[in-house]
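Next up, coords.cif (mmCIF, N, CA and C atoms):
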data_input
loop_
_atom_site.label_atom_id
_atom_site.label_comp_id
_atom_site.auth_asym_id
_atom_site.auth_seq_id
_atom_site.Cartn_x
_atom_site.Cartn_y
_atom_site.Cartn_z
N MET A 1 11.29 -18.08 18.94
CA MET A 1 11.14 -17.25 17.75
C MET A 1 10.57 -18.11 16.61
N SER A 2 9.45 -17.66 16.07
CA SER A 2 8.86 -18.43 14.97
C SER A 2 9.50 -18.02 13.66
N THR A 3 9.45 -18.92 12.71
CA THR A 3 10.00 -18.58 11.41
C THR A 3 8.97 -17.77 10.63
N ILE A 4 9.40 -17.18 9.54
CA ILE A 4 8.51 -16.35 8.74
C ILE A 4 7.35 -17.17 8.18
N LEU A 5 7.63 -18.41 7.76
CA LEU A 5 6.57 -19.28 7.25
C LEU A 5 6.77 -20.69 7.77
N ASN A 6 5.74 -21.23 8.42
CA ASN A 6 5.77 -22.63 8.83
C ASN A 6 4.37 -23.20 8.63
N ASP A 7 4.21 -24.50 8.89
CA ASP A 7 2.92 -25.10 8.55
C ASP A 7 1.74 -24.60 9.40
N GLN A 8 2.02 -24.00 10.56
CA GLN A 8 0.93 -23.43 11.35
C GLN A 8 0.39 -22.13 10.73
N ASN A 9 1.11 -21.60 9.77
CA ASN A 9 0.72 -20.34 9.12
C ASN A 9 -0.10 -20.60 7.87
N ILE A 10 -0.45 -21.85 7.61
CA ILE A 10 -1.15 -22.18 6.37
C ILE A 10 -2.51 -22.78 6.70
N VAL A 11 -3.53 -22.29 5.99
CA VAL A 11 -4.88 -22.84 6.12
C VAL A 11 -5.30 -23.37 4.76
N LEU A 12 -5.67 -24.65 4.75
CA LEU A 12 -6.12 -25.28 3.51
C LEU A 12 -7.64 -25.18 3.39
N LYS A 13 -8.11 -24.98 2.18
CA LYS A 13 -9.54 -25.06 1.84
C LYS A 13 -10.46 -24.22 2.73
N ALA A 14 -10.08 -22.97 2.94
CA ALA A 14 -10.92 -22.06 3.72
C ALA A 14 -12.12 -21.62 2.88
N GLU A 15 -13.20 -21.28 3.58
CA GLU A 15 -14.37 -20.72 2.91
C GLU A 15 -14.69 -19.40 3.58
N VAL A 16 -14.75 -18.35 2.79
CA VAL A 16 -15.12 -17.03 3.32
C VAL A 16 -16.20 -16.45 2.42
N ASN A 17 -17.06 -15.62 3.01
CA ASN A 17 -18.21 -15.10 2.26
C ASN A 17 -17.94 -13.78 1.56
N ASN A 18 -16.97 -13.01 2.07
CA ASN A 18 -16.72 -11.70 1.46
C ASN A 18 -15.30 -11.24 1.79
N LYS A 19 -14.95 -10.12 1.20
CA LYS A 19 -13.59 -9.58 1.35
C LYS A 19 -13.25 -9.28 2.80
N GLU A 20 -14.18 -8.65 3.55
CA GLU A 20 -13.88 -8.32 4.94
C GLU A 20 -13.60 -9.58 5.76
N GLU A 21 -14.42 -10.60 5.56
CA GLU A 21 -14.21 -11.87 6.26
C GLU A 21 -12.84 -12.47 5.91
N ALA A 22 -12.47 -12.37 4.65
CA ALA A 22 -11.18 -12.89 4.18
C ALA A 22 -10.03 -12.17 4.88
N ILE A 23 -10.13 -10.84 4.96
CA ILE A 23 -9.06 -10.05 5.59
C ILE A 23 -9.01 -10.32 7.08
N ARG A 24 -10.18 -10.42 7.72
CA ARG A 24 -10.21 -10.71 9.16
C ARG A 24 -9.61 -12.09 9.47
N LEU A 25 -9.90 -13.08 8.64
CA LEU A 25 -9.33 -14.41 8.83
C LEU A 25 -7.81 -14.37 8.68
N THR A 26 -7.34 -13.65 7.68
CA THR A 26 -5.90 -13.51 7.45
C THR A 26 -5.24 -12.85 8.66
N GLY A 27 -5.84 -11.76 9.15
CA GLY A 27 -5.30 -11.05 10.31
C GLY A 27 -5.31 -11.90 11.57
N LYS A 28 -6.40 -12.65 11.74
CA LYS A 28 -6.52 -13.52 12.93
C LYS A 28 -5.38 -14.53 12.96
N LEU A 29 -5.04 -15.06 11.81
CA LEU A 29 -3.94 -16.03 11.72
C LEU A 29 -2.60 -15.38 12.07
N LEU A 30 -2.40 -14.14 11.63
CA LEU A 30 -1.17 -13.40 11.98
C LEU A 30 -1.11 -13.18 13.50
N VAL A 31 -2.26 -12.85 14.09
CA VAL A 31 -2.32 -12.63 15.55
C VAL A 31 -2.04 -13.94 16.29
N GLU A 32 -2.74 -15.01 15.90
CA GLU A 32 -2.60 -16.32 16.58
C GLU A 32 -1.17 -16.85 16.53
N ASN A 33 -0.44 -16.50 15.47
CA ASN A 33 0.93 -17.00 15.34
C ASN A 33 1.96 -16.04 15.93
N GLY A 34 1.48 -15.00 16.60
CA GLY A 34 2.38 -14.12 17.35
C GLY A 34 3.13 -13.07 16.54
N TYR A 35 2.67 -12.80 15.31
CA TYR A 35 3.37 -11.82 14.49
C TYR A 35 2.91 -10.38 14.75
N VAL A 36 1.61 -10.24 15.09
CA VAL A 36 1.05 -8.89 15.25
C VAL A 36 0.13 -8.81 16.46
N GLU A 37 -0.11 -7.57 16.90
CA GLU A 37 -1.11 -7.30 17.93
C GLU A 37 -2.49 -7.34 17.26
N PRO A 38 -3.56 -7.61 18.04
CA PRO A 38 -4.90 -7.69 17.45
C PRO A 38 -5.35 -6.43 16.69
N ASP A 39 -4.87 -5.25 17.09
CA ASP A 39 -5.32 -4.03 16.39
C ASP A 39 -4.79 -3.94 14.96
N TYR A 40 -3.85 -4.80 14.59
CA TYR A 40 -3.33 -4.83 13.22
C TYR A 40 -4.45 -5.18 12.23
N ILE A 41 -5.41 -5.99 12.67
CA ILE A 41 -6.50 -6.41 11.78
C ILE A 41 -7.29 -5.21 11.26
N GLU A 42 -7.59 -4.26 12.15
CA GLU A 42 -8.33 -3.06 11.72
C GLU A 42 -7.50 -2.26 10.72
N LYS A 43 -6.19 -2.24 10.92
CA LYS A 43 -5.30 -1.52 10.00
C LYS A 43 -5.24 -2.22 8.64
N MET A 44 -5.44 -3.55 8.63
CA MET A 44 -5.51 -4.29 7.37
C MET A 44 -6.77 -3.88 6.60
N LEU A 45 -7.87 -3.73 7.33
CA LEU A 45 -9.13 -3.33 6.70
C LEU A 45 -9.03 -1.89 6.18
N GLU A 46 -8.37 -1.03 6.97
CA GLU A 46 -8.14 0.36 6.55
C GLU A 46 -7.33 0.40 5.25
N ARG A 47 -6.29 -0.40 5.22
CA ARG A 47 -5.40 -0.48 4.06
C ARG A 47 -6.21 -0.85 2.80
N GLU A 48 -7.11 -1.79 2.97
CA GLU A 48 -7.93 -2.26 1.84
C GLU A 48 -8.84 -1.14 1.32
N GLU A 49 -9.30 -0.27 2.24
CA GLU A 49 -10.13 0.87 1.83
C GLU A 49 -9.31 1.86 1.00
N LEU A 50 -8.04 2.03 1.37
CA LEU A 50 -7.16 2.97 0.66
C LEU A 50 -6.83 2.46 -0.74
N THR A 51 -6.37 1.24 -0.82
CA THR A 51 -5.97 0.61 -2.08
C THR A 51 -6.21 -0.88 -1.96
N SER A 52 -6.83 -1.47 -2.95
CA SER A 52 -7.06 -2.90 -2.90
C SER A 52 -5.73 -3.65 -2.87
N THR A 53 -5.70 -4.71 -2.08
CA THR A 53 -4.50 -5.55 -2.02
C THR A 53 -4.59 -6.72 -3.01
N TYR A 54 -5.61 -6.66 -3.89
CA TYR A 54 -5.72 -7.66 -4.95
C TYR A 54 -4.58 -7.44 -5.95
N MET A 55 -3.83 -8.49 -6.24
CA MET A 55 -2.63 -8.36 -7.07
C MET A 55 -2.80 -8.96 -8.47
N GLY A 56 -3.96 -9.51 -8.77
CA GLY A 56 -4.13 -10.24 -10.03
C GLY A 56 -3.77 -11.70 -9.82
N ASN A 57 -4.01 -12.53 -10.85
CA ASN A 57 -3.68 -13.96 -10.75
C ASN A 57 -4.33 -14.65 -9.56
N TYR A 58 -5.52 -14.19 -9.14
CA TYR A 58 -6.27 -14.79 -8.03
C TYR A 58 -5.62 -14.58 -6.66
N VAL A 59 -4.71 -13.61 -6.55
CA VAL A 59 -3.95 -13.41 -5.32
C VAL A 59 -4.27 -12.06 -4.67
N ALA A 60 -4.46 -12.07 -3.36
CA ALA A 60 -4.52 -10.82 -2.59
C ALA A 60 -3.50 -10.94 -1.47
N ILE A 61 -2.88 -9.79 -1.16
CA ILE A 61 -1.85 -9.78 -0.11
C ILE A 61 -2.25 -8.74 0.95
N PRO A 62 -3.24 -9.10 1.79
CA PRO A 62 -3.68 -8.14 2.81
C PRO A 62 -2.56 -7.83 3.80
N HIS A 63 -2.41 -6.55 4.11
CA HIS A 63 -1.43 -6.12 5.11
C HIS A 63 -1.87 -4.79 5.68
N GLY A 64 -1.24 -4.38 6.76
CA GLY A 64 -1.64 -3.17 7.45
C GLY A 64 -1.15 -1.89 6.78
N THR A 65 -1.68 -0.78 7.28
CA THR A 65 -1.25 0.54 6.80
C THR A 65 0.16 0.83 7.32
N GLU A 66 0.73 1.89 6.83
CA GLU A 66 2.08 2.30 7.24
C GLU A 66 2.16 2.48 8.76
N ASP A 67 1.13 3.10 9.35
CA ASP A 67 1.17 3.34 10.80
C ASP A 67 0.87 2.10 11.63
N ALA A 68 0.59 0.98 10.97
CA ALA A 68 0.33 -0.28 11.69
C ALA A 68 1.63 -0.95 12.11
N LYS A 69 2.77 -0.44 11.64
CA LYS A 69 4.05 -1.10 11.93
C LYS A 69 4.31 -1.26 13.42
N LYS A 70 3.79 -0.32 14.22
CA LYS A 70 3.98 -0.43 15.67
C LYS A 70 3.26 -1.65 16.26
N SER A 71 2.30 -2.21 15.51
CA SER A 71 1.57 -3.40 15.97
C SER A 71 2.24 -4.70 15.54
N VAL A 72 3.34 -4.60 14.78
CA VAL A 72 4.03 -5.80 14.31
C VAL A 72 5.08 -6.21 15.34
N LYS A 73 4.96 -7.45 15.82
CA LYS A 73 5.94 -7.98 16.79
C LYS A 73 7.14 -8.56 16.07
N GLU A 74 6.88 -9.32 15.00
CA GLU A 74 7.96 -9.86 14.19
C GLU A 74 7.44 -10.18 12.79
N SER A 75 8.34 -10.27 11.83
CA SER A 75 7.93 -10.51 10.45
C SER A 75 7.35 -11.91 10.29
N GLY A 76 6.28 -11.98 9.51
CA GLY A 76 5.66 -13.27 9.27
C GLY A 76 4.75 -13.25 8.06
N ILE A 77 4.47 -14.44 7.55
CA ILE A 77 3.58 -14.63 6.41
C ILE A 77 2.57 -15.71 6.77
N VAL A 78 1.32 -15.49 6.39
CA VAL A 78 0.31 -16.55 6.50
C VAL A 78 -0.29 -16.76 5.11
N ILE A 79 -0.64 -17.99 4.83
CA ILE A 79 -1.17 -18.34 3.51
C ILE A 79 -2.50 -19.07 3.70
N ILE A 80 -3.52 -18.58 3.01
CA ILE A 80 -4.84 -19.18 3.11
C ILE A 80 -5.35 -19.51 1.72
N GLN A 81 -5.65 -20.78 1.52
CA GLN A 81 -6.23 -21.26 0.27
C GLN A 81 -7.73 -21.00 0.32
N VAL A 82 -8.29 -20.43 -0.72
CA VAL A 82 -9.74 -20.24 -0.82
C VAL A 82 -10.18 -20.77 -2.20
N PRO A 83 -10.22 -22.11 -2.34
CA PRO A 83 -10.48 -22.69 -3.66
C PRO A 83 -11.78 -22.20 -4.31
N GLY A 84 -12.79 -21.92 -3.49
CA GLY A 84 -14.07 -21.45 -4.03
C GLY A 84 -14.04 -20.00 -4.45
N GLY A 85 -13.00 -19.30 -4.05
CA GLY A 85 -12.83 -17.89 -4.42
C GLY A 85 -13.66 -16.95 -3.55
N VAL A 86 -13.19 -15.72 -3.45
CA VAL A 86 -13.91 -14.65 -2.76
C VAL A 86 -13.69 -13.38 -3.57
N GLU A 87 -14.76 -12.62 -3.79
CA GLU A 87 -14.65 -11.44 -4.65
C GLU A 87 -14.02 -10.27 -3.89
N PHE A 88 -12.92 -9.76 -4.42
CA PHE A 88 -12.26 -8.59 -3.83
C PHE A 88 -12.68 -7.32 -4.54
N ALA A 89 -13.03 -7.44 -5.80
CA ALA A 89 -13.54 -6.33 -6.60
C ALA A 89 -14.40 -6.98 -7.68
N PRO A 90 -15.32 -6.22 -8.29
CA PRO A 90 -16.15 -6.84 -9.33
C PRO A 90 -15.29 -7.54 -10.39
N GLY A 91 -15.52 -8.82 -10.56
CA GLY A 91 -14.77 -9.59 -11.54
C GLY A 91 -13.39 -10.02 -11.09
N SER A 92 -13.03 -9.73 -9.85
CA SER A 92 -11.70 -10.09 -9.33
C SER A 92 -11.83 -11.06 -8.16
N ASP A 93 -11.80 -12.35 -8.48
CA ASP A 93 -11.90 -13.36 -7.45
C ASP A 93 -10.52 -13.70 -6.92
N VAL A 94 -10.45 -13.88 -5.61
CA VAL A 94 -9.21 -14.25 -4.95
C VAL A 94 -9.33 -15.69 -4.46
N LYS A 95 -8.32 -16.50 -4.78
CA LYS A 95 -8.29 -17.89 -4.33
C LYS A 95 -7.10 -18.15 -3.41
N LEU A 96 -6.26 -17.14 -3.29
CA LEU A 96 -5.06 -17.27 -2.45
C LEU A 96 -4.86 -15.97 -1.68
N LEU A 97 -4.96 -16.07 -0.36
CA LEU A 97 -4.72 -14.92 0.52
C LEU A 97 -3.36 -15.10 1.16
N ILE A 98 -2.52 -14.08 1.02
CA ILE A 98 -1.20 -14.13 1.65
C ILE A 98 -1.10 -12.91 2.55
N GLY A 99 -1.21 -13.14 3.84
CA GLY A 99 -1.13 -12.04 4.80
C GLY A 99 0.32 -11.83 5.18
N ILE A 100 0.73 -10.56 5.24
CA ILE A 100 2.11 -10.32 5.65
C ILE A 100 2.19 -9.28 6.75
N ALA A 101 3.18 -9.47 7.59
CA ALA A 101 3.52 -8.49 8.61
C ALA A 101 5.03 -8.36 8.55
N GLY A 102 5.49 -7.16 8.35
CA GLY A 102 6.93 -6.96 8.24
C GLY A 102 7.42 -5.97 9.28
N LYS A 103 8.45 -6.38 9.99
CA LYS A 103 9.09 -5.50 10.97
C LYS A 103 10.00 -4.54 10.20
N GLY A 104 9.90 -3.28 10.51
CA GLY A 104 10.72 -2.29 9.80
C GLY A 104 10.41 -2.29 8.32
N ASP A 105 11.43 -2.42 7.50
CA ASP A 105 11.22 -2.44 6.05
C ASP A 105 11.18 -3.85 5.48
N GLU A 106 11.15 -4.85 6.35
CA GLU A 106 11.17 -6.24 5.87
C GLU A 106 9.96 -6.58 5.02
N HIS A 107 8.83 -5.85 5.23
CA HIS A 107 7.64 -6.19 4.45
C HIS A 107 7.86 -5.96 2.96
N LEU A 108 8.71 -5.00 2.61
CA LEU A 108 8.99 -4.73 1.19
C LEU A 108 9.71 -5.90 0.55
N GLU A 109 10.66 -6.45 1.30
CA GLU A 109 11.40 -7.60 0.80
C GLU A 109 10.48 -8.82 0.68
N LEU A 110 9.64 -9.02 1.71
CA LEU A 110 8.70 -10.14 1.67
C LEU A 110 7.76 -10.00 0.48
N LEU A 111 7.24 -8.79 0.28
CA LEU A 111 6.33 -8.54 -0.83
C LEU A 111 6.97 -8.87 -2.17
N SER A 112 8.21 -8.45 -2.35
CA SER A 112 8.85 -8.69 -3.65
C SER A 112 9.08 -10.18 -3.88
N LYS A 113 9.45 -10.91 -2.83
CA LYS A 113 9.67 -12.36 -2.97
C LYS A 113 8.35 -13.08 -3.28
N ILE A 114 7.29 -12.67 -2.59
CA ILE A 114 5.98 -13.27 -2.83
C ILE A 114 5.51 -12.94 -4.24
N ALA A 115 5.73 -11.70 -4.66
CA ALA A 115 5.31 -11.28 -6.00
C ALA A 115 5.98 -12.13 -7.08
N ILE A 116 7.23 -12.48 -6.87
CA ILE A 116 7.94 -13.31 -7.84
C ILE A 116 7.28 -14.68 -7.95
N VAL A 117 6.97 -15.29 -6.80
CA VAL A 117 6.32 -16.61 -6.81
C VAL A 117 4.95 -16.51 -7.48
N CYS A 118 4.20 -15.46 -7.15
CA CYS A 118 2.82 -15.35 -7.61
C CYS A 118 2.66 -14.73 -8.99
N SER A 119 3.77 -14.30 -9.59
CA SER A 119 3.67 -13.71 -10.93
C SER A 119 3.42 -14.80 -11.98
N ALA A 120 3.75 -16.03 -11.65
CA ALA A 120 3.48 -17.14 -12.57
C ALA A 120 2.16 -17.79 -12.18
N GLU A 121 1.19 -17.72 -13.07
CA GLU A 121 -0.14 -18.25 -12.76
C GLU A 121 -0.10 -19.74 -12.42
N GLU A 122 0.84 -20.48 -13.05
CA GLU A 122 0.90 -21.92 -12.73
C GLU A 122 1.32 -22.14 -11.27
N ASN A 123 2.16 -21.25 -10.71
CA ASN A 123 2.51 -21.35 -9.30
C ASN A 123 1.28 -21.11 -8.44
N VAL A 124 0.53 -20.06 -8.78
CA VAL A 124 -0.67 -19.72 -8.00
C VAL A 124 -1.65 -20.89 -8.02
N MET A 125 -1.91 -21.44 -9.20
CA MET A 125 -2.86 -22.55 -9.29
C MET A 125 -2.33 -23.78 -8.57
N GLY A 126 -1.01 -23.97 -8.60
CA GLY A 126 -0.41 -25.08 -7.85
C GLY A 126 -0.64 -24.93 -6.35
N ILE A 127 -0.53 -23.70 -5.87
CA ILE A 127 -0.75 -23.43 -4.44
C ILE A 127 -2.23 -23.58 -4.10
N VAL A 128 -3.10 -23.04 -4.94
CA VAL A 128 -4.54 -23.12 -4.70
C VAL A 128 -5.01 -24.57 -4.69
N ASN A 129 -4.43 -25.40 -5.56
CA ASN A 129 -4.87 -26.80 -5.67
C ASN A 129 -4.05 -27.77 -4.81
N ALA A 130 -3.07 -27.26 -4.09
CA ALA A 130 -2.22 -28.13 -3.26
C ALA A 130 -3.07 -28.85 -2.21
N SER A 131 -2.70 -30.09 -1.95
CA SER A 131 -3.47 -30.87 -0.97
C SER A 131 -2.78 -30.97 0.37
N SER A 132 -1.58 -30.38 0.49
CA SER A 132 -0.89 -30.43 1.78
C SER A 132 -0.16 -29.10 2.03
N LYS A 133 0.08 -28.85 3.30
CA LYS A 133 0.81 -27.63 3.69
C LYS A 133 2.25 -27.68 3.19
N GLU A 134 2.82 -28.89 3.19
CA GLU A 134 4.21 -29.06 2.72
C GLU A 134 4.33 -28.68 1.25
N GLU A 135 3.32 -29.07 0.49
CA GLU A 135 3.31 -28.76 -0.94
C GLU A 135 3.29 -27.24 -1.14
N ILE A 136 2.48 -26.55 -0.34
CA ILE A 136 2.42 -25.09 -0.42
C ILE A 136 3.76 -24.48 -0.03
N MET A 137 4.34 -24.96 1.06
CA MET A 137 5.60 -24.41 1.54
C MET A 137 6.72 -24.56 0.50
N SER A 138 6.65 -25.60 -0.30
CA SER A 138 7.70 -25.82 -1.30
C SER A 138 7.76 -24.68 -2.33
N PHE A 139 6.63 -24.03 -2.56
CA PHE A 139 6.62 -22.91 -3.51
C PHE A 139 7.35 -21.68 -2.94
N PHE A 140 7.41 -21.62 -1.61
CA PHE A 140 7.96 -20.44 -0.94
C PHE A 140 9.29 -20.69 -0.25
N GLU A 141 10.02 -21.72 -0.71
CA GLU A 141 11.28 -22.08 -0.08
C GLU A 141 12.27 -20.92 -0.02
N ASP A 142 12.21 -20.04 -1.01
CA ASP A 142 13.19 -18.94 -1.04
C ASP A 142 12.75 -17.71 -0.27
N VAL A 143 11.54 -17.75 0.29
CA VAL A 143 11.04 -16.60 1.05
C VAL A 143 11.45 -16.77 2.51
N GLU A 144 12.54 -16.16 2.88
CA GLU A 144 13.03 -16.26 4.27
C GLU A 144 13.32 -14.90 4.84
#

Starting from the file, lay out its structure as structure tokens.
Amino acid sequence: MSTILNDQNIVLKAEVNNKEEAIRLTGKLLVENGYVEPDYIEKMLEREELTSTYMGNYVAIPHGTEDAKKSVKESGIVIIQVPGGVEFAPGSDVKLLIGIAGKGDEHLELLSKIAIVCSAEENVMGIVNASSKEEIMSFFEDVE
């Protein structure tokens, strides 16, 4: 059983060309770490069409639609640094992608914990500029 967040769930200094690529990379990491089935990625893209997952403060939290829950094997979080930024909406650059998969209603709890960490811009910039996975993980110690 993998934990919700470990160093294999973190990608440092990723480069993506657009929002779709960013979401696909986030989903691929969730799949590779055993949290979701591959079809969850399409549900993440669907979700983005419904409502942007851009949260402000350079953060986006891509996740699947409500009906994607059947594709979730276990709850997990992946974190991707995109120091160069990727545009999620005109004038809205994302430098931190946090992909989540929540079993049952766990995604709501994960979202609220992540929102608390990311509500402080200095935390977000600390994560974006972190040079190690351990440094990133230290910001999320309370997200379990």

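Closest approach to Glu87 (chain A) from the set A:Glu134, A:Asp7, A:Glu20, A:Glu37 is made by A:Glu20, with distances taken over only N, CA and C atoms.
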
Explicit residues for the PyMOL selection byres ((chain A and resi 103) around 7) (as a tab-separated table (two decimals) with N, CA and C atoms, in the coordinates of the input):
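The new file part_11.tsv reads:
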chain	number	residue	atom	x	y	z
A	69	LYS	N	2.77	-0.44	11.64
A	69	LYS	CA	4.05	-1.10	11.93
A	69	LYS	C	4.31	-1.26	13.42
A	72	VAL	N	3.34	-4.60	14.78
A	72	VAL	CA	4.03	-5.80	14.31
A	72	VAL	C	5.08	-6.21	15.34
A	73	LYS	N	4.96	-7.45	15.82
A	73	LYS	CA	5.94	-7.98	16.79
A	73	LYS	C	7.14	-8.56	16.07
A	74	GLU	N	6.88	-9.32	15.00
A	74	GLU	CA	7.96	-9.86	14.19
A	74	GLU	C	7.44	-10.18	12.79
A	75	SER	N	8.34	-10.27	11.83
A	75	SER	CA	7.93	-10.51	10.45
A	75	SER	C	7.35	-11.91	10.29
A	76	GLY	N	6.28	-11.98	9.51
A	76	GLY	CA	5.66	-13.27	9.27
A	76	GLY	C	4.75	-13.25	8.06
A	101	ALA	N	3.18	-9.47	7.59
A	101	ALA	CA	3.52	-8.49	8.61
A	101	ALA	C	5.03	-8.36	8.55
A	102	GLY	N	5.49	-7.16	8.35
A	102	GLY	CA	6.93	-6.96	8.24
A	102	GLY	C	7.42	-5.97	9.28
A	104	GLY	N	9.90	-3.28	10.51
A	104	GLY	CA	10.72	-2.29	9.80
A	104	GLY	C	10.41	-2.29	8.32
A	105	ASP	N	11.43	-2.42	7.50
A	105	ASP	CA	11.22	-2.44	6.05
A	105	ASP	C	11.18	-3.85	5.48
A	106	GLU	N	11.15	-4.85	6.35
A	106	GLU	CA	11.17	-6.24	5.87
A	106	GLU	C	9.96	-6.58	5.02
A	107	HIS	N	8.83	-5.85	5.23
A	107	HIS	CA	7.64	-6.19	4.45
A	107	HIS	C	7.86	-5.96	2.96

message: With the PyMOL selection byres ((chain A and resi 64) around 6.5) as the selection, what would be picked from this file? Answer as an MDAnalysis selection string, please.
response: chainID A and resid 40 43:45 47 62:63 65:69 100

message: For the strand (DSSP E or B) assignment from backbone DSSP, which residues of chain A qualify? Please present them as a count of residues only.
response: 33

query: Per DSSP on the backbone, what are the alpha helix (DSSP H) residues of chain A, as JSON, numbers by chain?
result: {"A": [19, 20, 21, 22, 23, 24, 25, 26, 27, 28, 29, 30, 31, 32, 40, 41, 42, 43, 44, 45, 46, 47, 48, 49, 50, 106, 107, 108, 109, 110, 111, 112, 113, 114, 115, 116, 117, 118, 121, 122, 123, 124, 125, 126, 127, 128, 133, 134, 135, 136, 137, 138, 139]}

Residues at most 8 Å from Ser52 (chain A), counting all atoms listed in the file, excluding those fewer than 3 positions away in the same chain, as a compact mmCIF listing (two decimals) with N, CA and C atoms, in the frame of the given file?
# COMPACT_ATOMS: atom_id res chain seq x y z
N ARG A 47 -6.29 -0.40 5.22
CA ARG A 47 -5.40 -0.48 4.06
C ARG A 47 -6.21 -0.85 2.80
N GLU A 48 -7.11 -1.79 2.97
CA GLU A 48 -7.93 -2.26 1.84
C GLU A 48 -8.84 -1.14 1.32
N GLU A 49 -9.30 -0.27 2.24
CA GLU A 49 -10.13 0.87 1.83
C GLU A 49 -9.31 1.86 1.00
N MET A 55 -3.83 -8.49 -6.24
CA MET A 55 -2.63 -8.36 -7.07
C MET A 55 -2.80 -8.96 -8.47
N ALA A 60 -4.46 -12.07 -3.36
CA ALA A 60 -4.52 -10.82 -2.59
C ALA A 60 -3.50 -10.94 -1.47
N ILE A 61 -2.88 -9.79 -1.16
CA ILE A 61 -1.85 -9.78 -0.11
C ILE A 61 -2.25 -8.74 0.95
N PRO A 62 -3.24 -9.10 1.79
CA PRO A 62 -3.68 -8.14 2.81
C PRO A 62 -2.56 -7.83 3.80
N PHE A 88 -12.92 -9.76 -4.42
CA PHE A 88 -12.26 -8.59 -3.83
C PHE A 88 -12.68 -7.32 -4.54

field: For Gln81 (chain A): contacts at 5 Å, all atoms listed in the file, fewer than 6 positions along chain excluded, given as a ChimeraX atom specification
entry: /A:11-14,95-96

Box along x, y and z, 5 Å on every side, all listed atoms of region 91-103 of chain A inside: centre and edge lengths in Å to one decimal, as JSON.
{"center_x": -2.8, "center_y": -11.3, "center_z": -0.3, "size_x": 35.5, "size_y": 23.6, "size_z": 32.5}

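Atom C of Ile79 (chain A) to atom C of Gln8 (chain A) spans 8.2 Å [interatomic distance, one decimal].
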
- request: Expand the PyMOL selection byres (((chain A and resi 115-128 and name CA) around 9) and name CA) into the individual residues it matches in the shown file, reporting them as a list in words.
  value: Leu12, Lys13, Met55, Gly56, Asn57, Tyr58, Val59, Ile80, Gln81, Val82, Pro83, Lys95, Leu96, Leu110, Leu111, Ser112, Lys113, Ile114, Asn129, Ala130, Ser131, Glu135, Ile136, Met137, Phe139 and Phe140 of chain A

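Taking atom N of Glu46 (chain A) and atom N of Ala89 (chain A) as the two end points, the separation is 15.0 Å.
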
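You will find atom C of Ser132 (chain A) at 24.1 Å from atom N of Lys19 (chain A).
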
field: Selected residue of minimal separation from Glu15 (chain A) among A:Val94, A:Glu141, A:Leu50, A:Gly34, counting only C-alpha atoms
entry: A:Val94
